[in-house]
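Novice: Sharing query.cif here; it has mmCIF, C-alpha atoms.
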```cif
data_work
#
loop_
_atom_site.group_PDB
_atom_site.id
_atom_site.type_symbol
_atom_site.label_atom_id
_atom_site.label_comp_id
_atom_site.auth_asym_id
_atom_site.auth_seq_id
_atom_site.Cartn_x
_atom_site.Cartn_y
_atom_site.Cartn_z
ATOM 1 C CA MET A 8 -30.511 15.818 -1.640
ATOM 2 C CA LYS A 9 -29.162 12.301 -1.496
ATOM 3 C CA GLU A 10 -26.944 11.537 1.465
ATOM 4 C CA ARG A 11 -23.314 11.026 0.515
ATOM 5 C CA LYS A 12 -22.429 7.889 2.406
ATOM 6 C CA VAL A 13 -18.843 6.638 2.140
ATOM 7 C CA LYS A 14 -18.806 3.013 3.300
ATOM 8 C CA ASN A 15 -15.825 1.253 4.794
ATOM 9 C CA ILE A 16 -14.602 -1.718 2.742
ATOM 10 C CA PHE A 17 -11.547 -2.690 4.784
ATOM 11 C CA MET A 18 -11.275 -5.615 7.206
ATOM 12 C CA GLU A 19 -8.226 -6.539 9.240
ATOM 13 C CA GLY A 20 -6.934 -9.978 8.201
ATOM 14 C CA PRO A 21 -8.621 -12.614 6.012
ATOM 15 C CA ILE A 22 -12.335 -12.616 5.181
ATOM 16 C CA PRO A 23 -13.905 -15.630 6.926
ATOM 17 C CA ALA A 24 -16.022 -18.013 4.808
ATOM 18 C CA GLN A 25 -18.612 -17.680 7.586
ATOM 19 C CA LYS A 26 -19.055 -13.975 6.758
ATOM 20 C CA ILE A 27 -19.817 -14.807 3.133
ATOM 21 C CA ALA A 28 -22.499 -17.310 4.178
ATOM 22 C CA GLU A 29 -23.990 -14.818 6.633
ATOM 23 C CA ASP A 30 -24.095 -12.050 4.029
ATOM 24 C CA ILE A 31 -25.972 -14.303 1.603
ATOM 25 C CA GLN A 32 -28.435 -15.175 4.376
ATOM 26 C CA LYS A 33 -28.991 -11.470 5.149
ATOM 27 C CA HIS A 34 -30.344 -10.947 1.637
ATOM 28 C CA ALA A 35 -33.086 -13.565 2.060
ATOM 29 C CA THR A 36 -35.539 -10.840 3.141
ATOM 30 C CA GLN A 37 -34.966 -8.860 -0.074
ATOM 31 C CA THR A 38 -37.219 -10.893 -2.303
ATOM 32 C CA ASN A 39 -37.032 -8.479 -5.255
ATOM 33 C CA ILE A 40 -33.507 -9.810 -5.830
ATOM 34 C CA GLY A 41 -33.241 -12.619 -8.383
ATOM 35 C CA ALA A 42 -29.477 -12.817 -8.855
ATOM 36 C CA HIS A 43 -26.343 -12.520 -6.756
ATOM 37 C CA SER A 44 -22.921 -12.396 -8.376
ATOM 38 C CA ILE A 45 -20.058 -13.061 -5.989
ATOM 39 C CA PHE A 46 -16.330 -12.770 -6.594
ATOM 40 C CA LEU A 47 -13.790 -14.064 -4.087
ATOM 41 C CA GLY A 48 -10.095 -13.293 -4.328
ATOM 42 C CA GLN A 49 -7.841 -15.916 -2.726
ATOM 43 C CA VAL A 50 -4.134 -15.562 -1.941
ATOM 44 C CA ARG A 51 -2.187 -17.821 -4.283
ATOM 45 C CA ALA A 52 1.013 -19.622 -3.237
ATOM 46 C CA ASP A 53 2.982 -18.520 -6.298
ATOM 47 C CA VAL A 54 6.361 -20.160 -6.748
ATOM 48 C CA LYS A 55 8.953 -17.520 -7.578
ATOM 49 C CA GLU A 56 12.692 -17.624 -8.087
ATOM 50 C CA ALA A 57 13.233 -16.246 -4.591
ATOM 51 C CA GLY A 58 10.779 -18.637 -2.913
ATOM 52 C CA THR A 59 7.118 -19.593 -2.480
ATOM 53 C CA VAL A 60 4.481 -17.063 -1.440
ATOM 54 C CA THR A 61 3.097 -17.922 2.004
ATOM 55 C CA ALA A 62 1.070 -14.735 2.604
ATOM 56 C CA ILE A 63 0.354 -11.227 1.349
ATOM 57 C CA ALA A 64 0.496 -8.175 3.619
ATOM 58 C CA TYR A 65 -1.917 -5.476 2.407
ATOM 59 C CA THR A 66 -1.661 -1.748 3.029
ATOM 60 C CA ALA A 67 -3.757 1.068 1.572
ATOM 61 C CA TYR A 68 -4.237 4.793 1.406
ATOM 62 C CA THR A 69 -7.546 4.150 3.102
ATOM 63 C CA GLU A 70 -9.127 7.622 2.937
ATOM 64 C CA MET A 71 -8.468 7.917 -0.774
ATOM 65 C CA ALA A 72 -9.477 4.301 -1.460
ATOM 66 C CA LEU A 73 -12.834 4.787 0.260
ATOM 67 C CA GLU A 74 -13.528 7.991 -1.671
ATOM 68 C CA LYS A 75 -12.607 6.286 -4.941
ATOM 69 C CA MET A 76 -14.746 3.279 -4.040
ATOM 70 C CA TYR A 77 -17.662 5.636 -3.458
ATOM 71 C CA GLU A 78 -17.237 7.031 -6.994
ATOM 72 C CA ILE A 79 -16.981 3.541 -8.506
ATOM 73 C CA ARG A 80 -20.105 2.437 -6.634
ATOM 74 C CA GLU A 81 -22.083 5.481 -7.805
ATOM 75 C CA SER A 82 -21.032 5.007 -11.429
ATOM 76 C CA LEU A 83 -21.990 1.312 -11.417
ATOM 77 C CA PHE A 84 -25.370 2.018 -9.836
ATOM 78 C CA ALA A 85 -25.931 4.617 -12.571
ATOM 79 C CA LYS A 86 -24.919 2.166 -15.297
ATOM 80 C CA TYR A 87 -26.662 -1.065 -14.165
ATOM 81 C CA PRO A 88 -30.044 -1.766 -12.512
ATOM 82 C CA LEU A 89 -28.550 -3.078 -9.267
ATOM 83 C CA THR A 90 -30.258 -3.774 -5.977
ATOM 84 C CA CYS A 91 -27.130 -3.719 -3.814
ATOM 85 C CA MET A 92 -23.359 -3.932 -3.814
ATOM 86 C CA HIS A 93 -20.975 -4.946 -1.036
ATOM 87 C CA VAL A 94 -17.174 -4.913 -1.126
ATOM 88 C CA TYR A 95 -14.711 -6.150 1.499
ATOM 89 C CA HIS A 96 -10.933 -6.012 1.114
ATOM 90 C CA SER A 97 -8.389 -7.252 3.630
ATOM 91 C CA LEU A 98 -5.690 -5.183 5.246
ATOM 92 C CA GLY A 99 -2.745 -6.734 7.062
ATOM 93 C CA THR A 100 -1.616 -10.314 6.594
ATOM 94 C CA VAL A 101 -3.625 -12.888 4.639
ATOM 95 C CA SER A 102 -2.120 -16.369 4.264
ATOM 96 C CA ALA A 103 -2.105 -18.420 1.053
ATOM 97 C CA GLY A 104 -5.492 -20.082 0.616
ATOM 98 C CA GLU A 105 -7.355 -17.405 2.554
ATOM 99 C CA ILE A 106 -9.800 -14.875 1.095
ATOM 100 C CA CYS A 107 -8.601 -11.267 0.669
ATOM 101 C CA LEU A 108 -11.409 -9.814 -1.490
ATOM 102 C CA PHE A 109 -15.161 -10.363 -1.331
ATOM 103 C CA VAL A 110 -17.379 -8.648 -3.893
ATOM 104 C CA PHE A 111 -21.137 -9.202 -3.743
ATOM 105 C CA VAL A 112 -23.477 -7.641 -6.331
ATOM 106 C CA SER A 113 -27.233 -8.243 -6.502
ATOM 107 C CA SER A 114 -29.913 -7.402 -9.034
ATOM 108 C CA GLN A 115 -33.336 -8.520 -10.204
ATOM 109 C CA HIS A 116 -31.933 -10.401 -13.186
ATOM 110 C CA ARG A 117 -28.584 -12.119 -13.713
ATOM 111 C CA LYS A 118 -27.013 -10.053 -16.498
ATOM 112 C CA ALA A 119 -26.711 -6.807 -14.517
ATOM 113 C CA ALA A 120 -25.224 -8.562 -11.473
ATOM 114 C CA ILE A 121 -22.690 -10.533 -13.525
ATOM 115 C CA ASP A 122 -21.556 -7.595 -15.676
ATOM 116 C CA ALA A 123 -21.368 -5.128 -12.790
ATOM 117 C CA CYS A 124 -19.488 -7.622 -10.636
ATOM 118 C CA GLU A 125 -16.840 -8.138 -13.311
ATOM 119 C CA GLU A 126 -16.447 -4.409 -13.903
ATOM 120 C CA LEU A 127 -16.262 -3.768 -10.179
ATOM 121 C CA VAL A 128 -13.478 -6.317 -9.611
ATOM 122 C CA GLU A 129 -11.395 -4.726 -12.394
ATOM 123 C CA ALA A 130 -11.971 -1.264 -10.934
ATOM 124 C CA ILE A 131 -10.928 -2.448 -7.466
ATOM 125 C CA LYS A 132 -7.706 -3.933 -8.839
ATOM 126 C CA PHE A 133 -6.680 -0.966 -10.964
ATOM 127 C CA GLN A 134 -8.206 2.103 -9.334
ATOM 128 C CA LEU A 135 -7.987 1.614 -5.576
ATOM 129 C CA PRO A 136 -4.740 2.656 -3.838
ATOM 130 C CA ILE A 137 -4.029 -0.699 -2.202
ATOM 131 C CA TRP A 138 -0.688 -2.520 -2.188
ATOM 132 C CA GLY A 139 0.190 -6.133 -1.524
ATOM 133 C CA LYS A 140 3.567 -7.298 -0.314
ATOM 134 C CA GLU A 141 4.155 -10.990 -0.877
ATOM 135 C CA ILE A 142 5.868 -12.779 1.979
ATOM 136 C CA LEU A 143 7.960 -15.742 0.859
ATOM 137 C CA ASN A 144 8.791 -18.942 2.724
ATOM 138 C CA ASN A 145 12.362 -17.723 3.315
ATOM 139 C CA GLN A 146 10.982 -14.573 4.997
ATOM 140 C CA SER A 147 12.030 -12.296 2.129
ATOM 141 C CA THR A 148 9.364 -10.076 0.534
ATOM 142 C CA VAL A 149 8.354 -9.064 -2.988
ATOM 143 C CA TRP A 150 5.951 -6.225 -3.853
ATOM 144 C CA LYS A 151 3.015 -7.666 -5.758
ATOM 145 C CA GLU A 152 2.113 -6.432 -9.235
ATOM 146 C CA ASN A 153 -1.363 -6.639 -10.723
ATOM 147 C CA LYS A 154 -1.634 -8.071 -14.220
ATOM 148 C CA MET B 30 4.699 26.339 4.640
ATOM 149 C CA ALA B 31 4.322 22.792 5.859
ATOM 150 C CA ILE B 32 3.226 20.098 3.447
ATOM 151 C CA GLU B 33 2.521 16.536 4.535
ATOM 152 C CA ILE B 34 4.016 13.829 2.315
ATOM 153 C CA LEU B 35 2.772 10.235 2.375
ATOM 154 C CA PHE B 36 4.653 7.288 0.865
ATOM 155 C CA PHE B 37 3.009 3.996 0.041
ATOM 156 C CA GLY B 38 3.844 0.452 -0.992
ATOM 157 C CA SER B 39 7.331 -0.198 -2.386
ATOM 158 C CA LEU B 40 8.242 3.483 -2.049
ATOM 159 C CA THR B 41 8.571 3.030 1.700
ATOM 160 C CA ASP B 42 11.534 0.714 0.968
ATOM 161 C CA ALA B 43 13.260 3.726 -0.613
ATOM 162 C CA THR B 44 12.289 6.273 2.020
ATOM 163 C CA THR B 45 12.097 4.050 5.152
ATOM 164 C CA VAL B 46 9.371 6.390 6.392
ATOM 165 C CA ALA B 47 5.666 6.513 5.528
ATOM 166 C CA ARG B 48 5.158 10.163 6.400
ATOM 167 C CA LEU B 49 7.227 13.328 6.163
ATOM 168 C CA ILE B 50 6.633 17.028 6.782
ATOM 169 C CA VAL B 51 8.326 19.319 4.272
ATOM 170 C CA ASP B 52 8.703 23.065 4.472
ATOM 171 C CA GLY B 53 9.497 25.582 1.765
ATOM 172 C CA VAL B 54 8.369 23.846 -1.423
ATOM 173 C CA GLU B 55 6.052 25.785 -3.670
ATOM 174 C CA ASP B 56 4.898 23.191 -6.144
ATOM 175 C CA THR B 57 4.930 19.473 -6.875
ATOM 176 C CA ASP B 58 7.964 19.832 -9.160
ATOM 177 C CA GLN B 59 10.083 21.378 -6.417
ATOM 178 C CA LEU B 60 8.858 18.691 -4.072
ATOM 179 C CA ARG B 61 9.832 15.927 -6.503
ATOM 180 C CA THR B 62 13.342 17.379 -6.875
ATOM 181 C CA TYR B 63 13.698 17.710 -3.115
ATOM 182 C CA LEU B 64 12.561 14.136 -2.491
ATOM 183 C CA MET B 65 14.835 12.642 -5.142
ATOM 184 C CA GLU B 66 17.792 14.392 -3.546
ATOM 185 C CA ARG B 67 16.834 13.193 -0.108
ATOM 186 C CA TYR B 68 15.969 9.642 -1.252
ATOM 187 C CA PRO B 69 18.051 8.784 -4.347
ATOM 188 C CA ALA B 70 16.288 5.407 -4.668
ATOM 189 C CA LEU B 71 13.125 7.313 -5.652
ATOM 190 C CA ARG B 72 14.769 8.347 -8.934
ATOM 191 C CA SER B 73 14.193 4.950 -10.498
ATOM 192 C CA ALA B 74 10.762 4.415 -8.925
ATOM 193 C CA ARG B 75 7.467 4.592 -10.818
ATOM 194 C CA TYR B 76 4.684 6.350 -8.960
ATOM 195 C CA PHE B 77 1.550 8.456 -9.200
ATOM 196 C CA VAL B 78 1.143 11.693 -7.261
ATOM 197 C CA ALA B 79 -2.065 12.750 -5.539
ATOM 198 C CA VAL B 80 -2.627 16.133 -3.911
ATOM 199 C CA ASN B 81 -5.335 16.011 -1.255
ATOM 200 C CA GLN B 82 -6.419 12.595 -2.631
ATOM 201 C CA ARG B 83 -6.778 13.872 -6.197
ATOM 202 C CA MET B 84 -4.443 12.390 -8.814
ATOM 203 C CA ILE B 85 -2.448 15.009 -10.680
ATOM 204 C CA GLN B 86 -0.867 14.786 -14.132
ATOM 205 C CA GLN B 87 0.929 18.132 -14.232
ATOM 206 C CA THR B 88 2.786 20.374 -11.821
ATOM 207 C CA GLU B 89 0.533 21.938 -9.222
ATOM 208 C CA SER B 90 1.234 24.659 -6.705
ATOM 209 C CA LEU B 91 1.116 23.600 -3.065
ATOM 210 C CA ARG B 92 -0.371 25.371 -0.088
ATOM 211 C CA PRO B 93 0.210 24.925 3.645
ATOM 212 C CA GLY B 94 -1.689 21.947 4.939
ATOM 213 C CA ASP B 95 -1.788 20.128 1.599
ATOM 214 C CA VAL B 96 -1.281 16.368 1.704
ATOM 215 C CA VAL B 97 0.772 14.910 -1.141
ATOM 216 C CA ALA B 98 0.763 11.144 -1.638
ATOM 217 C CA LEU B 99 3.340 9.236 -3.693
ATOM 218 C CA MET B 100 1.846 5.953 -4.801
ATOM 219 C CA PRO B 101 3.405 3.108 -6.808
ATOM 220 C CA PRO B 102 1.162 1.117 -9.205
ATOM 221 C CA PHE B 103 -1.736 -0.414 -7.261
ATOM 222 C CA SER B 104 -1.787 -4.117 -6.426
ATOM 223 C CA GLY B 105 -4.915 -4.776 -4.407
ATOM 224 C CA GLY B 106 -7.225 -7.759 -4.723
#
```
Represent the structure from my file as structure tokens, please.

Specialist:
Amino acid sequence: MKERKVKNIFMEGPIPAQKIAEDIQKHATQTNIGAHSIFLGQVRADVKEAGTVTAIAYTAYTEMALEKMYEIRESLFAKYPLTCMHVYHSLGTVSAGEICLFVFVSSQHRKAAIDACEELVEAIKFQLPIWGKEILNNQSTVWKENK
Amino acid sequence: MAIEILFFGSLTDATTVARLIVDGVEDTDQLRTYLMERYPALRSARYFVAVNQRMIQQTESLRPGDVVALMPPFSGG
């Protein structure tokens, strides 16, 4: 029977650009891969009536999110011929301009990686119990809504 | 019969707590009524309910040790 391995996706604070470079480098030994599709989510300094967004504070129902992520991962591996899939999402405070989501999908040929990556990002946004609270420059807060 | 209740996201503004232990509720409907009485601001809130990490659509009976999560629409990423 296949081992049921629930992987952690959460990182405290922003995702450093250095980590993204290192993760690409780590795949250099896997020479059956011909395509990587990477999505990076960056905190946007939206200007709202109440003020400008300076950061987002993320919280999650982590146990449920990791279980759900496991299901999403399994369904995408069943649907596309993927070599590997890595997801990192921030928890805690991430300032405007910093990276809060890093999705990295690899396959032999480009189409599978691109399509799976897009589907995965949508699933993360709409199916994982994660919440962002926008912190404005006047210290007030607004709960974020995904569109 | 103790049930653990978890509140997430904007709902914690209404409840001011993230976790609550409730005794004497038999199903999710009774729980909902109890919570709305205790936290009137929840009446106007939109949220999903999960019992032991499984989303529910209809009333479900609760057993001691169950964990019920109230979750507003997700906004990750």

Novice: If you take all atoms listed in the file and a cut-off of 9 Å, which residues of chain B touch chain A, and what are their nearest atom pairs and distances in Å to one decimal, in chain and number order, as a Markdown table?

Specialist:
```
| residue | atom | partner | partner_atom | distance |
| --- | --- | --- | --- | --- |
| B:Leu35 | CA | A:Tyr68 | CA | 8.9 |
| B:Phe37 | CA | A:Tyr68 | CA | 7.4 |
| B:Gly38 | CA | A:Trp138 | CA | 5.5 |
| B:Ser39 | CA | A:Trp150 | CA | 6.4 |
| B:Asn81 | CA | A:Met71 | CA | 8.7 |
| B:Gln82 | CA | A:Met71 | CA | 5.4 |
| B:Arg83 | CA | A:Met71 | CA | 8.2 |
| B:Ala98 | CA | A:Tyr68 | CA | 8.6 |
| B:Met100 | CA | A:Pro136 | CA | 7.4 |
| B:Pro101 | CA | A:Trp138 | CA | 8.4 |
| B:Pro102 | CA | A:Glu152 | CA | 7.6 |
| B:Phe103 | CA | A:Pro136 | CA | 5.5 |
| B:Ser104 | CA | A:Trp138 | CA | 4.7 |
| B:Gly105 | CA | A:Ile137 | CA | 4.7 |
| B:Gly106 | CA | A:Lys132 | CA | 5.6 |
```

Novice: Pick out the closest residue to Ala62 of chain A from this set: A:Ile79, A:Met18, A:Ala28, A:Leu143. Count only C-alpha atoms.

Specialist: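 That would be A:Leu143, the residue with the smallest distance to Ala62 of chain A.
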
Novice: Enter the distance from atom CA of Gly99 of chain A to atom CA of Arg75 of chain B, in Å, rounded to one decimal.

Specialist: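 Value for the atom CA of Gly99 of chain A-atom CA of Arg75 of chain B distance: 23.5 Å.
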
Novice: Please return as a count of residues only every residue within 12 Å of (-22.6, -8.8, -14.3), taking into account all atoms listed in the file and the file's own coordinates.

Specialist: 30

Novice: What's the separation between atom CA of Val96 of chain B and atom CA of Glu33 of chain B, in Å to one decimal place?

Specialist: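 According to the coordinates, atom CA of Val96 of chain B and atom CA of Glu33 of chain B are separated by 4.7 Å.
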
Novice: Would you please work out which residue, of B:Arg48, B:Val54, B:Asp95, B:Asp42, is nearest to Ala79 of chain B when using only C-alpha atoms?

Specialist: B:Asp95

Novice: Do a neighbour search on Leu64 of chain B at 12 Å with all atoms listed in the file, toss out local chain neighbours closer than 4 positions, and write the hits as a ChimeraX atom specification.

Specialist: /B:34-36,40,43-44,49-52,54,57-60,68-72,74,97,99

Novice: As an exercise, work out the distance from atom CA of Ile85 of chain B to atom CA of Thr62 of chain B in Å and give it to one decimal place.

Specialist: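 Atom CA of Ile85 of chain B sits 16.4 Å away from atom CA of Thr62 of chain B.
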
Novice: Expand the PyMOL selection byres ((chain A and resi 53) around 12) into the individual residues it matches in the shown file, reporting them as a PyMOL selection string.

Specialist: chain A and resi 49-52+54-63+102-104+141-144+149+151

Novice: Give the answer as one residue: which of A:Ile40, A:Ile31, A:Ala85, A:Val94 has the shortest atom-to-atom distance to Leu73 of chain A, using only C-alpha atoms?

Specialist: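 Counting only C-alpha atoms, the residue closest to Leu73 of chain A is A:Val94.
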
Novice: Skipping near chain neighbours, those fewer than 4 positions away, what residues fall within 9 Å of Arg92 of chain B using all atoms listed in the file, listed as a list in words?

Specialist: Met30, Ala31, Ile32, Val54, Glu55 and Asp56 of chain B

Novice: Include C-alpha atoms and write out the residues we just selected as an mmCIF file, keeping the file's coordinate frame.

Specialist:
```
data_model
loop_
_atom_site.group_PDB
_atom_site.id
_atom_site.type_symbol
_atom_site.label_atom_id
_atom_site.label_comp_id
_atom_site.auth_asym_id
_atom_site.auth_seq_id
_atom_site.Cartn_x
_atom_site.Cartn_y
_atom_site.Cartn_z
ATOM 1 C CA MET B 30 4.699 26.339 4.640
ATOM 2 C CA ALA B 31 4.322 22.792 5.859
ATOM 3 C CA ILE B 32 3.226 20.098 3.447
ATOM 4 C CA VAL B 54 8.369 23.846 -1.423
ATOM 5 C CA GLU B 55 6.052 25.785 -3.670
ATOM 6 C CA ASP B 56 4.898 23.191 -6.144
#
```

Novice: Of the candidates A:Ala130, A:Tyr77, A:Gln37, A:Pro23, which shows the shortest atom-to-atom distance to Thr90 of chain A, using only C-alpha atoms?

Specialist: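 Closest candidate: A:Gln37.
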
Novice: Around all of segment 44-57 of chain A's listed atoms, make the axis-aligned box with 6 Å on each side and tell me centre and edge lengths in Å to one decimal, as lines of an AutoDock Vina configuration file.

Specialist:
```
center_x = -4.8
center_y = -16.3
center_z = -5.2
size_x = 48.2
size_y = 19.8
size_z = 18.4
```
